[in-house]
Every structure is written in structure tokens, then in C-alpha cells.
Amino acid sequence: MPNTKFQKLVNNSFLFRIYLLKSLPMAYIAGVRVKELSDSKAITTVKFGWLTQNPFRSMYFACLAMAAEMSTGLLVLNAIYESTPAVSMLIVQNKATYFKKAIGKITFTCADGNHIAEIIAKVKQGGEGITTDLKSIGVDEQGDTVAEFIFTWSLKAKIK
């Protein structure tokens with residue numbers, strides 16, 4: 001079940017930047033930011049710049065991957081925040097497709113919140129681990145698709 005308390009923490013840019021600095025310093029340094037987190041979707045951004053560049057005058061793929069992964073991971077965290085039983089999460093695979101050079105501000109959207117809520121409910125009931133694919137699509141400031149990432153998350157209830 002999605003958690004508005006978690007959403008308030010994430011949507012507070014100051015508190016979330018403190019979290020990034022403490023727990024995900026590379027995402028903080030790269031400038032990955034959360035634009036929006038709701039029950040149904042998560043939107044993150046990252047900007048092309050000196051720290052995020054590659055030798056080909058576009059954004060380094062790892063910076064794109066950080067922002068894309070965060071958009072999927074936030075939806076999972078939203079669904080499991082303070083849940084009983086606790087649920088563990090781990091990426092077991094990822095796939096990326098790149099369509100054009102990433103220059104400027106890239107916005108990643110994962111709209112799989114309803115899907116992940118259903119999966120978490122199944123995980124809590126069955127006790128068995130479940131893997132699921134979550135998609136994040138990155139677009140540039142002109143609205144052109146730059147990249148598409150699919151992250152396979154493994155989810156399992158922590159039963160004592």
C-alpha cells in the first residue's frame with residue numbers, strides 16, 4: 001500500500017537531498033533530483049554538465065541509469081515503506097535502449113505504481129520472492145525520447 005508519509009519525505013527537496021548525500025552520494029553529486037512522487041508514478045531528472053558528461057559531448061550512460069533506476073526504486077520504496085512484513089528489494093537485471101544523445105535536462109518517468117502495489121500485495125501474502133520489470137522512459141527538454149530502461153526487481157517478504 002502506497003505511503004503518503006514517504007511521499008512527503010521524498011517530495012521535500014531539502015530532506016531528500018540530505019538523504020541522497022548520506023545514502024546515495026554519487027546521485028547527489030551527479031544532480032539527480034526527484035520532480036514528483038505519487039502512488040502511480042515517479043519522475044526524476046538529471047542535467048547534462050561537466051560532472052555528467054562523456055567524451056562524446058553527451059550525458060554518461062551511468063548518470064542516465066542512476067536517474068532511471070531512482071524513478072523505479074522510489075515506487076517500490078513507496079509501496080514497502082514501514083510495511084509489515086518488511087519487504088526486501090534488489091535489482092537483478094537491467095536493460096537499456098538509447099535513442100539519441102542526452103543533452104540538457106533529462107526527465108525519467110516510471111508510471112508503474114499501480115503494478116508495483118499489486119506485486120507487493122502478492123509478495124506479502126505468499127512469502128515467495130517475485131521478480132517484476134519496471135520501465136522508466138527518459139525524455140529531453142524537447143520531449144524526444146532519449147533512453148528507455150527496464151529494471152528487473154526481486155522482491156521478497158522478510159519472514160522471521
# chains A, B, ... in the order shown; residues from 1 in each chain; ligands from 1

call {"tool": "select_by_dssp", "arguments": {"residues": "chain A", "states": "strand (DSSP E)", "output": "ChimeraX atom specification"}}
result
/A:33-37,42-47,87-98,105-110,130-139,145-157

call {"tool": "write_last_selection", "arguments": {"atoms": "C-alpha atoms", "output": "compact mmCIF listing (two decimals), in the first residue's frame"}}
result
# COMPACT_ATOMS: atom_id res chain seq x y z
CA ARG A 33 16.59 15.10 -8.39
CA VAL A 34 13.01 14.00 -7.73
CA LYS A 35 10.45 16.06 -9.56
CA GLU A 36 7.40 14.11 -8.37
CA LEU A 37 6.41 11.01 -6.45
CA ALA A 42 7.76 8.77 -10.06
CA ILE A 43 9.57 11.44 -12.04
CA THR A 44 13.28 12.15 -11.68
CA THR A 45 15.65 14.48 -13.51
CA VAL A 46 19.34 14.80 -14.24
CA LYS A 47 21.13 17.56 -16.13
CA VAL A 87 9.93 -6.45 2.08
CA SER A 88 13.45 -6.62 0.66
CA MET A 89 14.21 -5.25 -2.79
CA LEU A 90 17.11 -5.84 -5.13
CA ILE A 91 17.79 -5.18 -8.79
CA VAL A 92 18.69 -8.44 -10.51
CA GLN A 93 18.84 -7.22 -14.11
CA ASN A 94 18.61 -4.09 -16.18
CA LYS A 95 18.30 -3.36 -19.87
CA ALA A 96 18.75 -0.03 -21.59
CA THR A 97 17.99 1.24 -25.06
CA TYR A 98 19.37 4.60 -26.16
CA LYS A 105 17.81 18.21 -18.68
CA ILE A 106 16.61 14.62 -18.98
CA THR A 107 13.38 13.63 -17.24
CA PHE A 108 12.68 9.98 -16.38
CA THR A 109 9.17 8.77 -15.68
CA CYS A 110 8.12 5.41 -14.30
CA ILE A 130 8.70 -12.29 -7.05
CA THR A 131 10.59 -10.57 -9.83
CA THR A 132 8.99 -7.82 -11.86
CA ASP A 133 10.06 -5.46 -14.62
CA LEU A 134 9.62 -1.72 -14.19
CA LYS A 135 10.12 0.66 -17.11
CA SER A 136 11.48 4.19 -16.99
CA ILE A 137 11.42 6.42 -20.05
CA GLY A 138 13.78 9.38 -20.35
CA VAL A 139 12.90 12.40 -22.45
CA THR A 145 12.77 10.01 -26.03
CA VAL A 146 16.45 9.72 -25.19
CA ALA A 147 16.52 6.34 -23.44
CA GLU A 148 14.35 3.58 -22.07
CA PHE A 149 15.41 1.47 -19.11
CA ILE A 150 13.84 -1.72 -17.83
CA PHE A 151 14.88 -2.76 -14.33
CA THR A 152 14.05 -6.22 -13.02
CA TRP A 153 13.41 -6.00 -9.29
CA SER A 154 13.42 -9.00 -6.96
CA LEU A 155 11.01 -8.54 -4.06
CA LYS A 156 10.63 -10.82 -1.06
CA ALA A 157 8.86 -10.59 2.27

call {"tool": "select_by_dssp", "arguments": {"residues": "region 22-123 of chain A", "states": "alpha helix (DSSP H)", "output": "PyMOL selection string"}}
result
chain A and resi 22-23+25-30+61-80+113-123

call {"tool": "residues_around", "arguments": {"residues": "Ala117 (chain A)", "least_positions_apart": "6", "cutoff": "10 Å", "atoms": "only C-alpha atoms", "output": "list in words"}}
result
Met1, Pro2, Asp39, Ser40, Leu75, Val76, Asn78, Ala79, Ile80 and Val123 of chain A

call {"tool": "residues_around", "arguments": {"residues": "Gly104 (chain A)", "least_positions_apart": "4", "cutoff": "9 Å", "atoms": "only C-alpha atoms", "output": "PDB file with N, CA and C atoms, in the first residue's frame"}}
result
ATOM      1  N   VAL A  46      17.886  14.640 -14.324  1.00  0.00           N
ATOM      2  CA  VAL A  46      19.336  14.802 -14.241  1.00  0.00           C
ATOM      3  C   VAL A  46      19.738  15.717 -15.390  1.00  0.00           C
ATOM      4  N   LYS A  47      20.719  16.585 -15.127  1.00  0.00           N
ATOM      5  CA  LYS A  47      21.135  17.560 -16.133  1.00  0.00           C
ATOM      6  C   LYS A  47      22.507  17.208 -16.697  1.00  0.00           C
ATOM      7  N   PHE A  48      22.635  17.465 -17.984  1.00  0.00           N
ATOM      8  CA  PHE A  48      23.930  17.331 -18.640  1.00  0.00           C
ATOM      9  C   PHE A  48      24.826  18.464 -18.149  1.00  0.00           C
ATOM     10  N   GLY A  49      26.043  18.120 -17.811  1.00  0.00           N
ATOM     11  CA  GLY A  49      27.017  19.124 -17.365  1.00  0.00           C
ATOM     12  C   GLY A  49      28.393  18.495 -17.272  1.00  0.00           C
ATOM     13  N   SER A  58      27.872  14.247 -24.609  1.00  0.00           N
ATOM     14  CA  SER A  58      26.514  13.932 -24.155  1.00  0.00           C
ATOM     15  C   SER A  58      26.622  13.364 -22.746  1.00  0.00           C
ATOM     16  N   MET A  59      25.492  13.003 -22.172  1.00  0.00           N
ATOM     17  CA  MET A  59      25.493  12.515 -20.800  1.00  0.00           C
ATOM     18  C   MET A  59      26.002  11.079 -20.724  1.00  0.00           C
ATOM     19  N   ASP A 140      14.087  14.311 -23.305  1.00  0.00           N
ATOM     20  CA  ASP A 140      14.826  15.565 -23.194  1.00  0.00           C
ATOM     21  C   ASP A 140      13.862  16.748 -23.118  1.00  0.00           C
ATOM     22  N   GLU A 141      14.412  17.940 -23.114  1.00  0.00           N
ATOM     23  CA  GLU A 141      13.591  19.142 -22.958  1.00  0.00           C
ATOM     24  C   GLU A 141      12.665  19.390 -24.151  1.00  0.00           C
TER      25      GLU A 141
END

call {"tool": "atom_distance", "arguments": {"atom1": "CA of Lys41 (chain A)", "atom2": "CA of Asn114 (chain A)"}}
result
8.4 Å

call {"tool": "atom_distance", "arguments": {"atom1": "CA of Glu128 (chain A)", "atom2": "CA of Pro85 (chain A)"}}
result
12.5 Å

call {"tool": "closest_residue", "arguments": {"among": "A:Ala62, A:Leu74, A:Ala121, A:Ala68", "to": "Asn11 (chain A)", "atoms": "only C-alpha atoms"}}
result
A:Leu74

call {"tool": "residues_around", "arguments": {"residues": "Tyr19 (chain A)", "least_positions_apart": "5", "cutoff": "10 Å", "atoms": "only C-alpha atoms", "output": "list in words"}}
result
Leu9, Val10, Ser13, Phe14, Leu24, Pro25 and Tyr28 of chain A

call {"tool": "write_last_selection", "arguments": {"atoms": "N, CA and C atoms", "output": "PDB file, in the first residue's frame"}}
result
ATOM      1  N   LEU A   9       8.255  12.907   2.499  1.00  0.00           N
ATOM      2  CA  LEU A   9       9.704  12.965   2.695  1.00  0.00           C
ATOM      3  C   LEU A   9      10.442  13.148   1.367  1.00  0.00           C
ATOM      4  N   VAL A  10      10.047  12.365   0.376  1.00  0.00           N
ATOM      5  CA  VAL A  10      10.723  12.404  -0.920  1.00  0.00           C
ATOM      6  C   VAL A  10      10.435  13.711  -1.658  1.00  0.00           C
ATOM      7  N   SER A  13      12.331  18.612  -1.174  1.00  0.00           N
ATOM      8  CA  SER A  13      13.635  18.580  -1.843  1.00  0.00           C
ATOM      9  C   SER A  13      14.797  18.699  -0.866  1.00  0.00           C
ATOM     10  N   PHE A  14      14.661  19.487   0.195  1.00  0.00           N
ATOM     11  CA  PHE A  14      15.750  19.623   1.164  1.00  0.00           C
ATOM     12  C   PHE A  14      16.020  18.297   1.876  1.00  0.00           C
ATOM     13  N   LEU A  24      23.167   7.997  -0.973  1.00  0.00           N
ATOM     14  CA  LEU A  24      23.489   7.831  -2.392  1.00  0.00           C
ATOM     15  C   LEU A  24      24.320   9.022  -2.869  1.00  0.00           C
ATOM     16  N   PRO A  25      25.531   9.155  -2.350  1.00  0.00           N
ATOM     17  CA  PRO A  25      26.313  10.364  -2.655  1.00  0.00           C
ATOM     18  C   PRO A  25      26.595  10.583  -4.141  1.00  0.00           C
ATOM     19  N   TYR A  28      23.667  12.300  -5.624  1.00  0.00           N
ATOM     20  CA  TYR A  28      23.662  13.687  -5.177  1.00  0.00           C
ATOM     21  C   TYR A  28      24.655  14.512  -6.006  1.00  0.00           C
TER      22      TYR A  28
END

call {"tool": "closest_residue", "arguments": {"among": "A:Lys122, A:Lys5, A:Lys101, A:His115", "to": "Arg57 (chain A)", "atoms": "only C-alpha atoms"}}
result
A:Lys101

call {"tool": "closest_residue", "arguments": {"among": "A:Asp112, A:Thr84, A:Phe6, A:Ile103", "to": "Gln125 (chain A)", "atoms": "only C-alpha atoms"}}
result
A:Thr84

call {"tool": "atom_distance", "arguments": {"atom1": "CA of Thr72 (chain A)", "atom2": "CA of Gly31 (chain A)"}}
result
17.2 Å
